[in-house]
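Q: mmCIF, N, CA and C atoms, file final-v2.cif:
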```
data_structure
#
loop_
_atom_site.group_PDB
_atom_site.id
_atom_site.type_symbol
_atom_site.label_atom_id
_atom_site.label_comp_id
_atom_site.auth_asym_id
_atom_site.auth_seq_id
_atom_site.Cartn_x
_atom_site.Cartn_y
_atom_site.Cartn_z
ATOM 1 N N MET M 19 118.645 53.031 -112.704
ATOM 2 C CA MET M 19 118.584 53.741 -113.975
ATOM 3 C C MET M 19 119.363 55.052 -113.918
ATOM 4 N N ASN M 20 119.472 55.629 -112.736
ATOM 5 C CA ASN M 20 120.212 56.874 -112.582
ATOM 6 C C ASN M 20 121.684 56.693 -112.949
ATOM 7 N N ASN M 21 122.251 55.534 -112.613
ATOM 8 C CA ASN M 21 123.640 55.249 -112.970
ATOM 9 C C ASN M 21 123.827 55.188 -114.479
ATOM 10 N N GLN M 22 122.834 54.648 -115.167
ATOM 11 C CA GLN M 22 122.919 54.552 -116.624
ATOM 12 C C GLN M 22 123.031 55.943 -117.255
ATOM 13 N N ARG M 23 122.239 56.877 -116.743
ATOM 14 C CA ARG M 23 122.284 58.247 -117.279
ATOM 15 C C ARG M 23 123.620 58.911 -116.962
ATOM 16 N N ALA M 24 124.153 58.648 -115.795
ATOM 17 C CA ALA M 24 125.450 59.221 -115.424
ATOM 18 C C ALA M 24 126.549 58.684 -116.339
ATOM 19 N N ILE M 25 126.513 57.398 -116.609
ATOM 20 C CA ILE M 25 127.509 56.796 -117.505
ATOM 21 C C ILE M 25 127.354 57.344 -118.914
ATOM 22 N N ASP M 26 126.094 57.461 -119.396
ATOM 23 C CA ASP M 26 125.856 58.030 -120.724
ATOM 24 C C ASP M 26 126.380 59.459 -120.821
ATOM 25 N N SER M 27 126.214 60.224 -119.754
ATOM 26 C CA SER M 27 126.694 61.597 -119.725
ATOM 27 C C SER M 27 128.219 61.632 -119.818
ATOM 28 N N CYS M 28 128.879 60.733 -119.105
ATOM 29 C CA CYS M 28 130.346 60.657 -119.151
ATOM 30 C C CYS M 28 130.833 60.257 -120.536
ATOM 31 N N ILE M 29 130.169 59.288 -121.135
ATOM 32 C CA ILE M 29 130.536 58.853 -122.483
ATOM 33 C C ILE M 29 130.388 60.018 -123.454
ATOM 34 N N SER M 30 129.301 60.759 -123.325
ATOM 35 C CA SER M 30 129.056 61.905 -124.190
ATOM 36 C C SER M 30 130.147 62.960 -124.027
ATOM 37 N N ALA M 31 130.550 63.232 -122.795
ATOM 38 C CA ALA M 31 131.601 64.223 -122.545
ATOM 39 C C ALA M 31 132.932 63.782 -123.141
ATOM 40 N N LEU M 32 133.257 62.506 -123.002
ATOM 41 C CA LEU M 32 134.510 62.006 -123.568
ATOM 42 C C LEU M 32 134.489 62.054 -125.086
ATOM 43 N N LYS M 33 133.350 61.724 -125.685
ATOM 44 C CA LYS M 33 133.225 61.791 -127.143
ATOM 45 C C LYS M 33 133.362 63.226 -127.622
ATOM 46 N N GLU M 34 132.824 64.161 -126.843
ATOM 47 C CA GLU M 34 132.946 65.570 -127.194
ATOM 48 C C GLU M 34 134.401 66.005 -127.158
ATOM 49 N N MET M 35 135.120 65.586 -126.125
ATOM 50 C CA MET M 35 136.547 65.901 -126.039
ATOM 51 C C MET M 35 137.303 65.303 -127.216
ATOM 52 N N LEU M 36 136.944 64.099 -127.572
ATOM 53 C CA LEU M 36 137.625 63.388 -128.653
ATOM 54 C C LEU M 36 137.336 64.022 -130.003
ATOM 55 N N GLY M 37 136.114 64.467 -130.199
ATOM 56 C CA GLY M 37 135.709 64.979 -131.504
ATOM 57 C C GLY M 37 135.865 66.467 -131.686
ATOM 58 N N ASN M 38 136.294 67.187 -130.658
ATOM 59 C CA ASN M 38 136.437 68.632 -130.751
ATOM 60 C C ASN M 38 137.638 68.975 -131.626
ATOM 61 N N PRO M 39 137.402 69.630 -132.771
ATOM 62 C CA PRO M 39 138.515 69.939 -133.672
ATOM 63 C C PRO M 39 139.480 70.971 -133.103
ATOM 64 N N ASN M 40 139.059 71.717 -132.082
ATOM 65 C CA ASN M 40 139.949 72.705 -131.467
ATOM 66 C C ASN M 40 140.982 72.059 -130.551
ATOM 67 N N ASN M 41 140.721 70.838 -130.120
ATOM 68 C CA ASN M 41 141.664 70.119 -129.267
ATOM 69 C C ASN M 41 142.766 69.523 -130.122
ATOM 70 N N GLU M 42 143.963 69.744 -129.710
ATOM 71 C CA GLU M 42 145.110 69.166 -130.413
ATOM 72 C C GLU M 42 145.633 68.014 -129.581
ATOM 73 N N LEU M 43 144.886 66.930 -129.581
ATOM 74 C CA LEU M 43 145.235 65.768 -128.771
ATOM 75 C C LEU M 43 146.326 64.955 -129.435
ATOM 76 N N SER M 44 147.219 64.428 -128.631
ATOM 77 C CA SER M 44 148.220 63.518 -129.160
ATOM 78 C C SER M 44 147.553 62.176 -129.427
ATOM 79 N N SER M 45 148.210 61.337 -130.173
ATOM 80 C CA SER M 45 147.638 60.021 -130.474
ATOM 81 C C SER M 45 147.464 59.202 -129.196
ATOM 82 N N GLU M 46 148.379 59.383 -128.240
ATOM 83 C CA GLU M 46 148.270 58.663 -126.969
ATOM 84 C C GLU M 46 147.049 59.143 -126.190
ATOM 85 N N GLN M 47 146.806 60.450 -126.192
ATOM 86 C CA GLN M 47 145.642 60.992 -125.496
ATOM 87 C C GLN M 47 144.342 60.514 -126.144
ATOM 88 N N ARG M 48 144.304 60.510 -127.464
ATOM 89 C CA ARG M 48 143.118 60.005 -128.179
ATOM 90 C C ARG M 48 142.870 58.537 -127.838
ATOM 91 N N SER M 49 143.950 57.778 -127.791
ATOM 92 C CA SER M 49 143.837 56.365 -127.468
ATOM 93 C C SER M 49 143.274 56.165 -126.066
ATOM 94 N N LYS M 50 143.747 56.971 -125.113
ATOM 95 C CA LYS M 50 143.252 56.858 -123.745
ATOM 96 C C LYS M 50 141.772 57.228 -123.659
ATOM 97 N N LEU M 51 141.357 58.241 -124.401
ATOM 98 C CA LEU M 51 139.941 58.613 -124.401
ATOM 99 C C LEU M 51 139.084 57.505 -125.005
ATOM 100 N N ARG M 52 139.539 56.933 -126.110
ATOM 101 C CA ARG M 52 138.785 55.824 -126.727
ATOM 102 C C ARG M 52 138.689 54.635 -125.780
ATOM 103 N N LYS M 53 139.792 54.339 -125.110
ATOM 104 C CA LYS M 53 139.788 53.240 -124.145
ATOM 105 C C LYS M 53 138.816 53.536 -123.010
ATOM 106 N N GLY M 54 138.778 54.780 -122.563
ATOM 107 C CA GLY M 54 137.847 55.172 -121.513
ATOM 108 C C GLY M 54 136.395 55.003 -121.938
ATOM 109 N N ILE M 55 136.097 55.358 -123.163
ATOM 110 C CA ILE M 55 134.736 55.194 -123.685
ATOM 111 C C ILE M 55 134.368 53.716 -123.720
ATOM 112 N N ARG M 56 135.284 52.880 -124.200
ATOM 113 C CA ARG M 56 135.014 51.429 -124.235
ATOM 114 C C ARG M 56 134.813 50.878 -122.825
ATOM 115 N N SER M 57 135.634 51.339 -121.898
ATOM 116 C CA SER M 57 135.515 50.868 -120.513
ATOM 117 C C SER M 57 134.175 51.261 -119.906
ATOM 118 N N LEU M 58 133.733 52.484 -120.172
ATOM 119 C CA LEU M 58 132.438 52.919 -119.648
ATOM 120 C C LEU M 58 131.290 52.117 -120.252
ATOM 121 N N LYS M 59 131.395 51.799 -121.524
ATOM 122 C CA LYS M 59 130.348 50.986 -122.162
ATOM 123 C C LYS M 59 130.295 49.596 -121.539
ATOM 124 N N ARG M 60 131.473 49.022 -121.254
ATOM 125 C CA ARG M 60 131.510 47.717 -120.576
ATOM 126 C C ARG M 60 130.927 47.828 -119.172
ATOM 127 N N LEU M 61 131.263 48.898 -118.489
ATOM 128 C CA LEU M 61 130.754 49.139 -117.140
ATOM 129 C C LEU M 61 129.230 49.246 -117.157
ATOM 130 N N LYS M 62 128.709 49.880 -118.169
ATOM 131 C CA LYS M 62 127.260 50.062 -118.301
ATOM 132 C C LYS M 62 126.544 48.723 -118.485
ATOM 133 N N ARG M 63 127.169 47.805 -119.220
ATOM 134 C CA ARG M 63 126.552 46.500 -119.486
ATOM 135 C C ARG M 63 126.754 45.499 -118.350
ATOM 136 N N ALA M 64 127.767 45.726 -117.542
ATOM 137 C CA ALA M 64 128.153 44.752 -116.517
ATOM 138 C C ALA M 64 127.158 44.716 -115.362
ATOM 139 N N THR M 65 127.146 43.559 -114.724
ATOM 140 C CA THR M 65 126.333 43.391 -113.519
ATOM 141 C C THR M 65 127.229 42.844 -112.413
ATOM 142 N N ASN M 66 126.835 43.090 -111.201
ATOM 143 C CA ASN M 66 127.553 42.578 -110.022
ATOM 144 C C ASN M 66 129.020 42.982 -109.990
ATOM 145 N N LEU M 67 129.281 44.253 -110.233
ATOM 146 C CA LEU M 67 130.652 44.742 -110.164
ATOM 147 C C LEU M 67 131.029 45.065 -108.730
ATOM 148 N N THR M 68 132.293 44.861 -108.433
ATOM 149 C CA THR M 68 132.781 45.253 -107.118
ATOM 150 C C THR M 68 133.143 46.740 -107.148
ATOM 151 N N HIS M 69 133.245 47.315 -105.988
ATOM 152 C CA HIS M 69 133.635 48.713 -105.878
ATOM 153 C C HIS M 69 135.022 48.916 -106.490
ATOM 154 N N LYS M 70 135.893 47.951 -106.306
ATOM 155 C CA LYS M 70 137.256 48.032 -106.830
ATOM 156 C C LYS M 70 137.261 48.098 -108.358
ATOM 157 N N GLN M 71 136.407 47.315 -109.005
ATOM 158 C CA GLN M 71 136.336 47.311 -110.463
ATOM 159 C C GLN M 71 135.840 48.653 -111.000
ATOM 160 N N VAL M 72 134.826 49.196 -110.363
ATOM 161 C CA VAL M 72 134.293 50.493 -110.777
ATOM 162 C C VAL M 72 135.337 51.576 -110.546
ATOM 163 N N PHE M 73 136.002 51.539 -109.397
ATOM 164 C CA PHE M 73 137.021 52.521 -109.075
ATOM 165 C C PHE M 73 138.139 52.503 -110.112
ATOM 166 N N LYS M 74 138.539 51.335 -110.567
ATOM 167 C CA LYS M 74 139.624 51.219 -111.554
ATOM 168 C C LYS M 74 139.251 51.922 -112.857
ATOM 169 N N VAL M 75 138.038 51.692 -113.333
ATOM 170 C CA VAL M 75 137.589 52.324 -114.577
ATOM 171 C C VAL M 75 137.552 53.842 -114.422
ATOM 172 N N VAL M 76 136.956 54.300 -113.336
ATOM 173 C CA VAL M 76 136.828 55.738 -113.109
ATOM 174 C C VAL M 76 138.199 56.395 -112.958
ATOM 175 N N SER M 77 139.110 55.748 -112.259
ATOM 176 C CA SER M 77 140.435 56.346 -112.058
ATOM 177 C C SER M 77 141.216 56.429 -113.361
ATOM 178 N N GLU M 78 141.106 55.440 -114.229
ATOM 179 C CA GLU M 78 141.793 55.480 -115.527
ATOM 180 C C GLU M 78 141.292 56.649 -116.373
ATOM 181 N N ILE M 79 139.977 56.844 -116.368
ATOM 182 C CA ILE M 79 139.394 57.929 -117.158
ATOM 183 C C ILE M 79 139.776 59.279 -116.558
ATOM 184 N N ALA M 80 139.740 59.380 -115.241
ATOM 185 C CA ALA M 80 140.100 60.631 -114.579
ATOM 186 C C ALA M 80 141.559 60.992 -114.855
ATOM 187 N N GLU M 81 142.437 60.006 -114.834
ATOM 188 C CA GLU M 81 143.857 60.260 -115.125
ATOM 189 C C GLU M 81 144.034 60.781 -116.547
ATOM 190 N N ALA M 82 143.342 60.174 -117.507
ATOM 191 C CA ALA M 82 143.454 60.605 -118.898
ATOM 192 C C ALA M 82 142.924 62.025 -119.060
ATOM 193 N N ALA M 83 141.783 62.317 -118.452
ATOM 194 C CA ALA M 83 141.206 63.662 -118.545
ATOM 195 C C ALA M 83 142.112 64.692 -117.882
ATOM 196 N N PHE M 84 142.659 64.349 -116.727
ATOM 197 C CA PHE M 84 143.560 65.261 -116.021
ATOM 198 C C PHE M 84 144.796 65.553 -116.867
ATOM 199 N N GLU M 85 145.340 64.530 -117.484
ATOM 200 C CA GLU M 85 146.522 64.695 -118.325
ATOM 201 C C GLU M 85 146.234 65.665 -119.472
ATOM 202 N N ILE M 86 145.059 65.508 -120.069
ATOM 203 C CA ILE M 86 144.679 66.381 -121.196
ATOM 204 C C ILE M 86 144.503 67.825 -120.710
ATOM 205 N N LEU M 87 143.821 67.982 -119.593
ATOM 206 C CA LEU M 87 143.607 69.334 -119.064
ATOM 207 C C LEU M 87 144.913 69.973 -118.610
ATOM 208 N N GLU M 88 145.779 69.176 -118.023
ATOM 209 C CA GLU M 88 147.063 69.690 -117.544
ATOM 210 C C GLU M 88 147.952 70.128 -118.697
ATOM 211 N N SER M 89 147.843 69.452 -119.828
ATOM 212 C CA SER M 89 148.682 69.789 -120.975
ATOM 213 C C SER M 89 148.221 71.078 -121.660
ATOM 214 N N GLY M 90 147.025 71.564 -121.261
ATOM 215 C CA GLY M 90 146.537 72.831 -121.816
ATOM 216 C C GLY M 90 145.931 72.703 -123.190
ATOM 217 N N VAL M 91 145.478 71.530 -123.560
ATOM 218 C CA VAL M 91 144.868 71.317 -124.868
ATOM 219 C C VAL M 91 143.573 72.104 -124.941
ATOM 220 N N GLY M 92 143.370 72.776 -126.066
ATOM 221 C CA GLY M 92 142.139 73.499 -126.296
ATOM 222 C C GLY M 92 142.152 74.934 -125.772
ATOM 223 N N GLU M 93 143.286 75.393 -125.258
ATOM 224 C CA GLU M 93 143.363 76.783 -124.758
ATOM 225 C C GLU M 93 143.637 77.730 -125.879
#
```
Take the structure in the file and write it out as structure tokens.
A:
Amino acid sequence: MNNQRAIDSCISALKEMLGNPNNELSSEQRSKLRKGIRSLKRLKRATNLTHKQVFKVVSEIAEAAFEILESGVGE
């Protein structure tokens, strides 16, 4: 159950980034965030995932978040 709360927290953070009117996200960045949210929801429902599958989802989301932070959005 602890994993479920962690995933919910991540989804909430991504939704906050997506919905923050102060962020001037490009359409590509918005798309990556939406894809990350969908991936986390699938991850939450999935059973018997391999470490590789979980790592792929997490790395995609981390790359998108890093790109947004690196671009200086919201400063």
Q: Just to confirm, what's the straight-line distance from atom CA of Ser77 of chain M to atom CA of Glu34 of chain M in Å (one decimal)?
A: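 Between these atoms lies a distance of 19.2 Å.
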Q: List the spatial neighbours of Gln22 of chain M as a list of chain:residue names - criterion: any atom at most 12 Å away, only C-alpha atoms, same-chain residues fewer than 3 positions off excluded.
A: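 Using only C-alpha atoms, the neighbours found are M:Met19, M:Ile25, M:Asp26, M:Ser27, M:Cys28, M:Ile29, M:Leu58, M:Lys59, M:Arg60, M:Leu61, M:Lys62, M:Arg63, M:Ala64.
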Q: Quick one: everything within 8 Å of Leu32 of chain M, counting only N, CA and C atoms, minus sequence neighbours fewer than 4 positions away in the same chain. Send it as a list in words.
A: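 So the residues in contact are Asp26, Ser27, Cys28, Leu36, Gly37, Asn38, Leu51, Arg52, Gly54 and Ile55 of chain M.
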Q: Suppose you want the space between atom CA of Phe84 of chain M and atom CA of Thr65 of chain M; what is it in Å?
A: 28.0 Å
Q: If you measure from atom N of Ala82 of chain M to atom N of Glu46 of chain M, what distance in Å do you get, rounded to one decimal?
A: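 For atom N of Ala82 of chain M relative to atom N of Glu46 of chain M, the distance reads 11.9 Å.
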Q: Among chain M, which residues does DSSP mark as alpha helix (DSSP H) when it is run on the backbone? Keep the chain and numbering as in the structure and answer as number ranges by chain.
A: M: 20-37, 45-63, 69-88
Q: Between M:Ala31, M:Ser44, M:Pro39, M:Asn66, which one has atoms that come closest to Ile79 of chain M, using only C-alpha atoms?
A: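 The closest residue to Ile79 of chain M is M:Ala31.
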Q: So for segment 29-45 of chain M, what box centre and size do we get, axis-aligned, 6 Å extra on each of the six sides, every listed atom, Å to one decimal, as JSON?
A:
```
{"center_x": 138.6, "center_y": 65.8, "center_z": -127.4, "size_x": 31.2, "size_y": 25.9, "size_z": 24.5}
```
